Protein chains: 2
Amino acid sequence: MTAPFNPSSTGAADLASLYRQGDTDPVAVTRAYLDRIADLDGQVRAYNQVLGPAALEAAAASAHRWAAGRPLSALDGVPIAVKANIAVAGAFWHAGIGAYRDRVAAKDADCVARLRAAGALILGTVNMHEGALGATTDNVWFGRTQNPLRAGFTPGGSSGGSAACVAAGMAAAALGSDTMGSVRIPSAYCGLAGYKPARRAISLDGVIPLSTTLDHVGVHGRTVADCALVAAHAGAVSPRGPASLSGLRLTAPDWRARVDAPDNIWAARDNAAARLLAGGMTLVDADLPDYQPGQARRLGLLVSEVEGLNAHAAQLATGDDGFSAEFLGLLRWGGQQPATKVAAAYQGLDAIRLTGLAWLDIVDAVLLPTAPQTAFSFADPVPANQADFTALADFIGCPAVAVPAGLSPDGLPLSVQVMGRDAATVLAVASALE
Amino acid sequence: MTAPFNPSSTGAADLASLYRQGDTDPVAVTRAYLDRIADLDGQVRAYNQVLGPAALEAAAASAHRWAAGRPLSALDGVPIAVKANIAVAGAFWHAGIGAYRDRVAAKDADCVARLRAAGALILGTVNMHEGALGATTDNVWFGRTQNPLRAGFTPGGSSGGSAACVAAGMAAAALGSDTMGSVRIPSAYCGLAGYKPARRAISLDGVIPLSTTLDHVGVHGRTVADCALVAAHAGAVSPRGPASLSGLRLTAPDWRARVDAPDNIWAARDNAAARLLAGGMTLVDADLPDYQPGQARRLGLLVSEVEGLNAHAAQLATGDDGFSAEFLGLLRWGGQQPATKVAAAYQGLDAIRLTGLAWLDIVDAVLLPTAPQTAFSFADPVPANQADFTALADFIGCPAVAVPAGLSPDGLPLSVQVMGRDAATVLAVASALE
């Protein structure tokens, strides 16, 4: 017996069986999410634009398909939110940048069109860190999105609205984007699963770029299965995973000297490793000895800043209204760096990708914390090292999944990250940790 | 019955059977090459340094192994020349740059060590275009290497000495490096086969970089089989190729509007395509419609120039003696470009790589000319578009083979290039054109 629908606990992958059994229908579910948005989003501020009438209209069509026994897919009638840098036809499409606040997408991004073709309902667009360059979602143009688990705390970013709306029960799942960790970090801070598929497994067509060489589309969901289902219909189809974890090679490298993180972050990782070993995985001692997360993060940031300046060059040529001083400062700083330094950043990231791919050839899964800290107060300084565990998978271009790993002593979600070469394996390992 | 040894016609892959049969031995062969170097290299000027005594000593050891029936490999006793940017322990290692003229390599490059471990003999180091950035091998520090097929004409470059020494019968094969075409162009101009394996299939360890993101080690040989044999022992082992070309998909895109090349260049390509189709391949109409070779070449050149400036930064910090004005001008120009332009070059090359890989997923082999012209006189202006057919395989990082394709009306070698995703397939297709 499936549990009844509850917007704050039912996952995207559960809805199909509820619809099939007639326990509920897409119209009722969509109404429930819209009601919850009406109740809660004044506080959470996850949504930039709620597309209620269009979602209800699509829900009615989906309800007919389910009633006729002809759903388009297991995602038919599943309400999904979309990060504001991903085009939803007819909706505002601004990437959290004030300069684009009046821009309306003429057509869906490739991933959104695919989700719609599978029957998914687009509930609305959600807030993000300005330009996807930052990880607090404290957006000067579109507001500060709260962490639904603790008011006054960041949901993370840049896909903070995506994580917050799912964590608050205001969508069944959400699309985000991840350049150095922007899907996985907010999923970690909000107690969700977050999946960044391999590079370009989900098309960037219709996504306002930060960095064309590092951007990935990803998914926030209540469970790894939710993320995998949405990702598969967005383009990132993975073959069936391993039947068992038995014998798969796990590495859990000791980066305590490389990334400053409190003991409870490491304990959560070590505990997760122990569970995977108890589940049959084999621990192997494999590391990237020369990888320095802080240095590598600076290379990735420089590339993101200069490519971001290229992405917004046409708009900036007309003036810099609608760009915050902070965002513009980062882009301009990147643009002022010497050619040799920029080239060295690309050379460094390329070397990391090559050694990283070789590393992933000798292990099936790498287990690390997702972030060096839990969600923090908007009143606190922003840690510089938020992406120090996540960026590597963007540099390599490999799949990576963040999965909840208990609570910190102060009651905030902990999270661990599984990365590897094969998406189905990575998803299976992450699922085993739920 | 194998033909007797003749330094100007026997290939690297033929020597093993001659040695096995006792028709000749490595010492006699090495002496024959050294005699020929003594006779001809005053004119050709391919060698920077001949390592005669060491080669003869290694040849004697090889001869013992053959006599005992215990050769190390099919490459045992095969005399090979090495481009001057690839480290040969105890030899000058300068990349054709005057500033490094007195630098001696402390140890072999990875690829040279592998060749030695397979029994190959290192005859010496050979001339190159200064810093590997250019394609004439008219080197202000180490001399002008002549095309052995026509005095006063360039052998191409940057691996001009590598191609010239093989074409003149002064080595059985040679190592070169290829950043935008530097193995395939000189092989084309000198009537040889030239093989650039997939990116990093042969390690760059011990190779003076031009561009760490584009450099490849490759091989010049009299035949495709010679190239494949040397490459395999240098690290680029390929699985066995297809038993037949039957049914393999060939594309021969029409780039007449994109690259300015005379009719005889295109006729050689079209004739080669007809031969492959007669051999059972299937013609498919697949192109990279948005690929503009001239634009792409400028992106690759900018990346090479800035990365080249990084490669030589430590030396240049001590002064610019020993760098020609032309070479230094290119490096410095790259270093003066804005960050955004440099980033855009990497972004453009990354997009080319992604679309190129998708292209190579739907065809087994792409057939193009190797160069838009044949070898030209040192008195003529240097064409800007020499690398317009070859650079794409460096950008994609895929295997590519240049193979002779008859003679132009004025008696100079024509060449076609086969590229594709799978090395064994590319080698088999190229072999079918010999």
# chains A, B, ... in the order shown; residues from 1 in each chain; ligands from 1
>>> closest_atom_pairs(of="region 46-110 of chain B", to="region 151-173 of chain B", cutoff="7 Å", atoms="only C-alpha atoms", output="tab-separated table")
residue	atom	partner	partner_atom	distance
B:Ala46	CA	B:Gly161	CA	4.3
B:Tyr47	CA	B:Gly161	CA	6.5
B:Val78	CA	B:Ala172	CA	6.7
B:Pro79	CA	B:Ala172	CA	5.7
B:Ile80	CA	B:Ala173	CA	5.2
B:Ala81	CA	B:Ala171	CA	6.1
B:Val82	CA	B:Ser162	CA	6.9
B:Lys83	CA	B:Ser162	CA	6.0
>>> write_last_selection(atoms="N, CA, C and O atoms", output="PDB file, in the first residue's frame")
ATOM      1  N   ALA B  46      68.418  17.501 -41.480  1.00  0.00           N
ATOM      2  CA  ALA B  46      67.330  17.022 -40.621  1.00  0.00           C
ATOM      3  C   ALA B  46      67.793  16.848 -39.175  1.00  0.00           C
ATOM      4  O   ALA B  46      67.034  17.115 -38.244  1.00  0.00           O
ATOM      5  N   TYR B  47      68.990  16.365 -38.992  1.00  0.00           N
ATOM      6  CA  TYR B  47      69.449  16.043 -37.637  1.00  0.00           C
ATOM      7  C   TYR B  47      70.001  17.256 -36.898  1.00  0.00           C
ATOM      8  O   TYR B  47      70.739  18.054 -37.456  1.00  0.00           O
ATOM      9  N   VAL B  78      65.268  -1.463 -34.465  1.00  0.00           N
ATOM     10  CA  VAL B  78      64.764  -0.504 -35.463  1.00  0.00           C
ATOM     11  C   VAL B  78      65.257   0.902 -35.106  1.00  0.00           C
ATOM     12  O   VAL B  78      64.958   1.408 -34.031  1.00  0.00           O
ATOM     13  N   PRO B  79      66.010   1.545 -36.004  1.00  0.00           N
ATOM     14  CA  PRO B  79      66.578   2.864 -35.716  1.00  0.00           C
ATOM     15  C   PRO B  79      65.552   3.975 -35.937  1.00  0.00           C
ATOM     16  O   PRO B  79      64.945   4.083 -37.003  1.00  0.00           O
ATOM     17  N   ILE B  80      65.386   4.777 -34.914  1.00  0.00           N
ATOM     18  CA  ILE B  80      64.346   5.799 -34.886  1.00  0.00           C
ATOM     19  C   ILE B  80      64.960   7.142 -34.540  1.00  0.00           C
ATOM     20  O   ILE B  80      65.871   7.229 -33.720  1.00  0.00           O
ATOM     21  N   ALA B  81      64.437   8.194 -35.179  1.00  0.00           N
ATOM     22  CA  ALA B  81      64.855   9.562 -34.850  1.00  0.00           C
ATOM     23  C   ALA B  81      63.792  10.222 -33.994  1.00  0.00           C
ATOM     24  O   ALA B  81      62.620   9.862 -34.055  1.00  0.00           O
ATOM     25  N   VAL B  82      64.204  11.183 -33.195  1.00  0.00           N
ATOM     26  CA  VAL B  82      63.308  11.797 -32.200  1.00  0.00           C
ATOM     27  C   VAL B  82      63.339  13.316 -32.345  1.00  0.00           C
ATOM     28  O   VAL B  82      64.408  13.924 -32.373  1.00  0.00           O
ATOM     29  N   LYS B  83      62.166  13.896 -32.427  1.00  0.00           N
ATOM     30  CA  LYS B  83      62.035  15.353 -32.536  1.00  0.00           C
ATOM     31  C   LYS B  83      62.698  16.033 -31.333  1.00  0.00           C
ATOM     32  O   LYS B  83      62.635  15.517 -30.214  1.00  0.00           O
TER      33      LYS B  83
END
>>> select_by_dssp(residues="region 349-413 of chain B", states="alpha helix (DSSP H)", output="PyMOL selection string")
chain B and resi 349-361+391-396
>>> write_last_selection(atoms="N, CA, C and O atoms", output="PDB file, in the first residue's frame")
ATOM      1  N   LEU B 349      36.837  26.057 -28.705  1.00  0.00           N
ATOM      2  CA  LEU B 349      37.460  24.751 -28.951  1.00  0.00           C
ATOM      3  C   LEU B 349      36.713  23.643 -28.216  1.00  0.00           C
ATOM      4  O   LEU B 349      36.579  22.519 -28.727  1.00  0.00           O
ATOM      5  N   ASP B 350      36.217  23.965 -27.031  1.00  0.00           N
ATOM      6  CA  ASP B 350      35.436  22.974 -26.282  1.00  0.00           C
ATOM      7  C   ASP B 350      34.153  22.621 -27.047  1.00  0.00           C
ATOM      8  O   ASP B 350      33.790  21.435 -27.141  1.00  0.00           O
ATOM      9  N   ALA B 351      33.503  23.623 -27.598  1.00  0.00           N
ATOM     10  CA  ALA B 351      32.279  23.349 -28.374  1.00  0.00           C
ATOM     11  C   ALA B 351      32.605  22.512 -29.613  1.00  0.00           C
ATOM     12  O   ALA B 351      31.847  21.603 -29.979  1.00  0.00           O
ATOM     13  N   ILE B 352      33.741  22.804 -30.239  1.00  0.00           N
ATOM     14  CA  ILE B 352      34.160  22.009 -31.406  1.00  0.00           C
ATOM     15  C   ILE B 352      34.409  20.557 -31.002  1.00  0.00           C
ATOM     16  O   ILE B 352      34.027  19.620 -31.700  1.00  0.00           O
ATOM     17  N   ARG B 353      35.033  20.371 -29.864  1.00  0.00           N
ATOM     18  CA  ARG B 353      35.305  19.007 -29.401  1.00  0.00           C
ATOM     19  C   ARG B 353      33.998  18.243 -29.173  1.00  0.00           C
ATOM     20  O   ARG B 353      33.849  17.093 -29.600  1.00  0.00           O
ATOM     21  N   LEU B 354      33.045  18.884 -28.518  1.00  0.00           N
ATOM     22  CA  LEU B 354      31.777  18.200 -28.231  1.00  0.00           C
ATOM     23  C   LEU B 354      31.019  17.863 -29.514  1.00  0.00           C
ATOM     24  O   LEU B 354      30.527  16.746 -29.682  1.00  0.00           O
ATOM     25  N   THR B 355      30.925  18.831 -30.438  1.00  0.00           N
ATOM     26  CA  THR B 355      30.197  18.529 -31.679  1.00  0.00           C
ATOM     27  C   THR B 355      31.002  17.557 -32.526  1.00  0.00           C
ATOM     28  O   THR B 355      30.423  16.703 -33.204  1.00  0.00           O
ATOM     29  N   GLY B 356      32.310  17.668 -32.469  1.00  0.00           N
ATOM     30  CA  GLY B 356      33.145  16.742 -33.236  1.00  0.00           C
ATOM     31  C   GLY B 356      33.006  15.307 -32.750  1.00  0.00           C
ATOM     32  O   GLY B 356      32.909  14.369 -33.547  1.00  0.00           O
ATOM     33  N   LEU B 357      32.973  15.117 -31.440  1.00  0.00           N
ATOM     34  CA  LEU B 357      32.800  13.759 -30.904  1.00  0.00           C
ATOM     35  C   LEU B 357      31.443  13.186 -31.318  1.00  0.00           C
ATOM     36  O   LEU B 357      31.336  12.003 -31.665  1.00  0.00           O
ATOM     37  N   ALA B 358      30.409  14.029 -31.296  1.00  0.00           N
ATOM     38  CA  ALA B 358      29.085  13.556 -31.716  1.00  0.00           C
ATOM     39  C   ALA B 358      29.102  13.180 -33.203  1.00  0.00           C
ATOM     40  O   ALA B 358      28.478  12.193 -33.625  1.00  0.00           O
ATOM     41  N   TRP B 359      29.848  13.945 -33.977  1.00  0.00           N
ATOM     42  CA  TRP B 359      29.989  13.660 -35.419  1.00  0.00           C
ATOM     43  C   TRP B 359      30.653  12.297 -35.608  1.00  0.00           C
ATOM     44  O   TRP B 359      30.190  11.466 -36.397  1.00  0.00           O
ATOM     45  N   LEU B 360      31.716  12.078 -34.870  1.00  0.00           N
ATOM     46  CA  LEU B 360      32.455  10.820 -35.036  1.00  0.00           C
ATOM     47  C   LEU B 360      31.691   9.624 -34.469  1.00  0.00           C
ATOM     48  O   LEU B 360      32.076   8.475 -34.718  1.00  0.00           O
ATOM     49  N   ASP B 361      30.619   9.886 -33.747  1.00  0.00           N
ATOM     50  CA  ASP B 361      29.755   8.784 -33.310  1.00  0.00           C
ATOM     51  C   ASP B 361      28.895   8.249 -34.446  1.00  0.00           C
ATOM     52  O   ASP B 361      28.391   7.124 -34.356  1.00  0.00           O
ATOM     53  N   ALA B 391      43.937  20.535 -37.934  1.00  0.00           N
ATOM     54  CA  ALA B 391      43.778  20.996 -36.540  1.00  0.00           C
ATOM     55  C   ALA B 391      42.550  20.371 -35.877  1.00  0.00           C
ATOM     56  O   ALA B 391      42.548  20.162 -34.651  1.00  0.00           O
ATOM     57  N   LEU B 392      41.534  20.073 -36.658  1.00  0.00           N
ATOM     58  CA  LEU B 392      40.293  19.556 -36.074  1.00  0.00           C
ATOM     59  C   LEU B 392      40.536  18.299 -35.229  1.00  0.00           C
ATOM     60  O   LEU B 392      39.952  18.153 -34.150  1.00  0.00           O
ATOM     61  N   ALA B 393      41.387  17.409 -35.692  1.00  0.00           N
ATOM     62  CA  ALA B 393      41.638  16.166 -34.929  1.00  0.00           C
ATOM     63  C   ALA B 393      42.371  16.457 -33.622  1.00  0.00           C
ATOM     64  O   ALA B 393      42.218  15.710 -32.648  1.00  0.00           O
ATOM     65  N   ASP B 394      43.149  17.540 -33.589  1.00  0.00           N
ATOM     66  CA  ASP B 394      43.774  17.931 -32.321  1.00  0.00           C
ATOM     67  C   ASP B 394      42.735  18.530 -31.397  1.00  0.00           C
ATOM     68  O   ASP B 394      42.769  18.300 -30.191  1.00  0.00           O
ATOM     69  N   PHE B 395      41.837  19.322 -31.956  1.00  0.00           N
ATOM     70  CA  PHE B 395      40.790  19.923 -31.123  1.00  0.00           C
ATOM     71  C   PHE B 395      39.901  18.825 -30.532  1.00  0.00           C
ATOM     72  O   PHE B 395      39.522  18.893 -29.365  1.00  0.00           O
ATOM     73  N   ILE B 396      39.531  17.853 -31.361  1.00  0.00           N
ATOM     74  CA  ILE B 396      38.670  16.761 -30.885  1.00  0.00           C
ATOM     75  C   ILE B 396      39.470  15.804 -30.000  1.00  0.00           C
ATOM     76  O   ILE B 396      38.930  15.207 -29.070  1.00  0.00           O
TER      77      ILE B 396
END
>>> closest_atom_pairs(of="chain B", to="chain A", cutoff="8 Å", atoms="only C-alpha atoms", output="tab-separated table")
residue	atom	partner	partner_atom	distance
B:Thr212	CA	A:Gln347	CA	6.7
B:Thr213	CA	A:Gln347	CA	6.3
B:Val303	CA	A:Ala343	CA	7.3
B:Val306	CA	A:Thr340	CA	5.7
B:Glu307	CA	A:Ala343	CA	6.2
B:Leu309	CA	A:Thr340	CA	7.1
B:Asn310	CA	A:Thr340	CA	6.2
B:Gly334	CA	A:Ala339	CA	7.3
B:Gly335	CA	A:Ala339	CA	5.2
B:Gln336	CA	A:Ala339	CA	6.6
B:Gln337	CA	A:Ala339	CA	6.0
B:Pro338	CA	A:Ala339	CA	6.0
B:Ala339	CA	A:Ala339	CA	5.0
B:Thr340	CA	A:Val306	CA	5.8
B:Val342	CA	A:Ala339	CA	6.2
B:Ala343	CA	A:Glu307	CA	6.2
B:Ala344	CA	A:Glu307	CA	7.2
B:Tyr346	CA	A:Tyr346	CA	7.7
B:Gln347	CA	A:Thr213	CA	6.3
B:Asp350	CA	A:Thr213	CA	6.8
>>> write_last_selection(atoms="N, CA and C atoms", output="CSV table (one decimal), in the first residue's frame")
chain,number,residue,atom,x,y,z
B,212,THR,N,49.7,22.4,-23.6
B,212,THR,CA,49.4,21.2,-22.9
B,212,THR,C,48.0,20.7,-23.2
B,213,THR,N,47.1,21.6,-23.7
B,213,THR,CA,45.8,21.1,-24.0
B,213,THR,C,45.6,20.6,-25.4
B,303,VAL,N,45.3,29.8,-28.3
B,303,VAL,CA,45.6,28.9,-27.2
B,303,VAL,C,47.0,28.5,-27.2
B,306,VAL,N,49.3,31.5,-26.1
B,306,VAL,CA,49.3,31.8,-24.6
B,306,VAL,C,49.9,30.7,-23.8
B,307,GLU,N,49.5,29.5,-24.2
B,307,GLU,CA,50.1,28.3,-23.4
B,307,GLU,C,51.6,28.2,-23.7
B,309,LEU,N,53.5,30.8,-24.1
B,309,LEU,CA,54.1,31.8,-23.3
B,309,LEU,C,54.2,31.2,-21.8
B,310,ASN,N,53.2,30.5,-21.4
B,310,ASN,CA,53.3,29.9,-20.1
B,310,ASN,C,54.4,28.8,-20.0
B,334,GLY,N,49.9,36.7,-28.0
B,334,GLY,CA,49.0,35.9,-27.3
B,334,GLY,C,48.8,36.4,-25.9
B,335,GLY,N,49.9,36.7,-25.2
B,335,GLY,CA,49.9,37.1,-23.9
B,335,GLY,C,49.2,38.5,-23.7
B,336,GLN,N,49.1,39.2,-24.7
B,336,GLN,CA,48.5,40.6,-24.6
B,336,GLN,C,47.0,40.6,-24.9
B,337,GLN,N,46.5,39.4,-25.3
B,337,GLN,CA,45.0,39.4,-25.6
B,337,GLN,C,44.2,39.5,-24.3
B,338,PRO,N,43.0,40.0,-24.4
B,338,PRO,CA,42.2,40.1,-23.2
B,338,PRO,C,41.7,38.8,-22.7
B,339,ALA,N,41.5,38.7,-21.4
B,339,ALA,CA,41.0,37.5,-20.8
B,339,ALA,C,39.8,36.9,-21.5
B,340,THR,N,38.9,37.8,-21.8
B,340,THR,CA,37.6,37.3,-22.5
B,340,THR,C,37.9,36.6,-23.8
B,342,VAL,N,40.7,35.1,-24.7
B,342,VAL,CA,41.3,33.8,-24.4
B,342,VAL,C,40.3,32.8,-24.0
B,343,ALA,N,39.4,33.2,-23.0
B,343,ALA,CA,38.4,32.3,-22.6
B,343,ALA,C,37.5,31.9,-23.8
B,344,ALA,N,37.1,32.8,-24.6
B,344,ALA,CA,36.3,32.5,-25.8
B,344,ALA,C,36.9,31.5,-26.7
B,346,TYR,N,39.0,29.1,-25.7
B,346,TYR,CA,38.8,27.8,-25.0
B,346,TYR,C,37.4,27.3,-25.2
B,347,GLN,N,36.4,28.2,-25.0
B,347,GLN,CA,35.0,27.9,-25.1
B,347,GLN,C,34.7,27.4,-26.5
B,350,ASP,N,36.2,24.0,-27.0
B,350,ASP,CA,35.4,23.0,-26.3
B,350,ASP,C,34.2,22.6,-27.0
>>> select_by_dssp(residues="region 71-161 of chain B", states="strand (DSSP E or B)", output="list in words")
Pro79, Ile80, Ala81, Val82, Lys83, Ile86, Phe92, Val104, Leu121, Ile122, Leu123, Gly124, Thr125, Val126, Asp138, Asn139, Gly143, Arg144, Asn147, Arg150 and Phe153 of chain B
>>> residues_around(residues="Leu412 (chain B)", least_positions_apart="2", cutoff="9 Å", atoms="only C-alpha atoms", output="VMD selection string")
chain B and resid 149 to 150 189 to 191 374 to 375 406 to 410 414
>>> atom_distance(atom1="CA of Leu115 (chain A)", atom2="CA of Arg184 (chain A)")
20.7 Å
>>> closest_residue(among="B:Thr251, B:Gln49, B:Asn271, B:Asn6", to="Leu288 (chain B)", atoms="only C-alpha atoms")
B:Thr251
>>> atom_distance(atom1="CA of Arg114 (chain B)", atom2="CA of Ala38 (chain B)")
27.6 Å
>>> atom_distance(atom1="CA of Val418 (chain B)", atom2="CA of Phe389 (chain B)")
10.5 Å
>>> residues_around(residues="His216 (chain B)", least_positions_apart="6", cutoff="12 Å", atoms="only C-alpha atoms", output="number ranges by chain")
B: 85-86, 111, 132, 159, 175-184, 195-205, 207-210, 231, 236, 391, 393-400
>>> closest_residue(among="A:Thr30, A:Ala67, A:Arg240, A:Gly77", to="Asp14 (chain A)", atoms="only C-alpha atoms")
A:Gly77
>>> decode(residues="region 84-98 of chain A", atoms="N, CA, C and O atoms", output="CSV table (one decimal), in the first residue's frame")
chain,number,residue,atom,x,y,z
A,84,ALA,N,15.6,29.6,-12.5
A,84,ALA,CA,15.3,30.8,-13.3
A,84,ALA,C,16.3,31.1,-14.5
A,84,ALA,O,16.1,32.0,-15.3
A,85,ASN,N,17.3,30.2,-14.6
A,85,ASN,CA,18.2,30.4,-15.8
A,85,ASN,C,17.9,29.4,-16.9
A,85,ASN,O,18.5,29.3,-17.9
A,86,ILE,N,16.8,28.6,-16.6
A,86,ILE,CA,16.4,27.5,-17.6
A,86,ILE,C,15.1,28.0,-18.2
A,86,ILE,O,14.1,28.3,-17.5
A,87,ALA,N,15.0,28.0,-19.5
A,87,ALA,CA,13.9,28.6,-20.2
A,87,ALA,C,12.6,27.8,-20.1
A,87,ALA,O,12.6,26.6,-20.4
A,88,VAL,N,11.6,28.4,-19.7
A,88,VAL,CA,10.2,27.9,-19.7
A,88,VAL,C,9.4,28.8,-20.6
A,88,VAL,O,9.3,30.0,-20.3
A,89,ALA,N,8.9,28.3,-21.7
A,89,ALA,CA,8.2,29.1,-22.6
A,89,ALA,C,7.2,30.0,-22.0
A,89,ALA,O,6.3,29.5,-21.2
A,90,GLY,N,7.2,31.3,-22.2
A,90,GLY,CA,6.2,32.2,-21.7
A,90,GLY,C,6.5,32.8,-20.3
A,90,GLY,O,5.8,33.6,-19.8
A,91,ALA,N,7.5,32.2,-19.7
A,91,ALA,CA,7.9,32.6,-18.3
A,91,ALA,C,9.1,33.6,-18.3
A,91,ALA,O,9.9,33.5,-19.3
A,92,PHE,N,9.3,34.3,-17.3
A,92,PHE,CA,10.5,35.2,-17.1
A,92,PHE,C,11.7,34.3,-17.1
A,92,PHE,O,11.7,33.2,-16.4
A,93,TRP,N,12.7,34.7,-17.7
A,93,TRP,CA,13.9,33.9,-17.9
A,93,TRP,C,15.1,34.9,-17.7
A,93,TRP,O,15.5,35.5,-18.6
A,94,HIS,N,15.6,34.9,-16.5
A,94,HIS,CA,16.6,36.0,-16.1
A,94,HIS,C,17.8,35.6,-15.4
A,94,HIS,O,18.7,36.4,-15.1
A,95,ALA,N,17.9,34.3,-15.0
A,95,ALA,CA,19.1,33.9,-14.3
A,95,ALA,C,19.4,34.7,-13.0
A,95,ALA,O,20.5,34.8,-12.6
A,96,GLY,N,18.3,35.2,-12.4
A,96,GLY,CA,18.5,36.0,-11.2
A,96,GLY,C,19.2,37.3,-11.4
A,96,GLY,O,19.7,37.9,-10.4
A,97,ILE,N,19.3,37.7,-12.6
A,97,ILE,CA,20.0,39.0,-12.9
A,97,ILE,C,18.9,40.1,-13.2
A,97,ILE,O,18.1,39.9,-14.1
A,98,GLY,N,19.0,41.2,-12.5
A,98,GLY,CA,18.0,42.2,-12.7
A,98,GLY,C,17.9,42.7,-14.1
A,98,GLY,O,16.8,43.1,-14.6
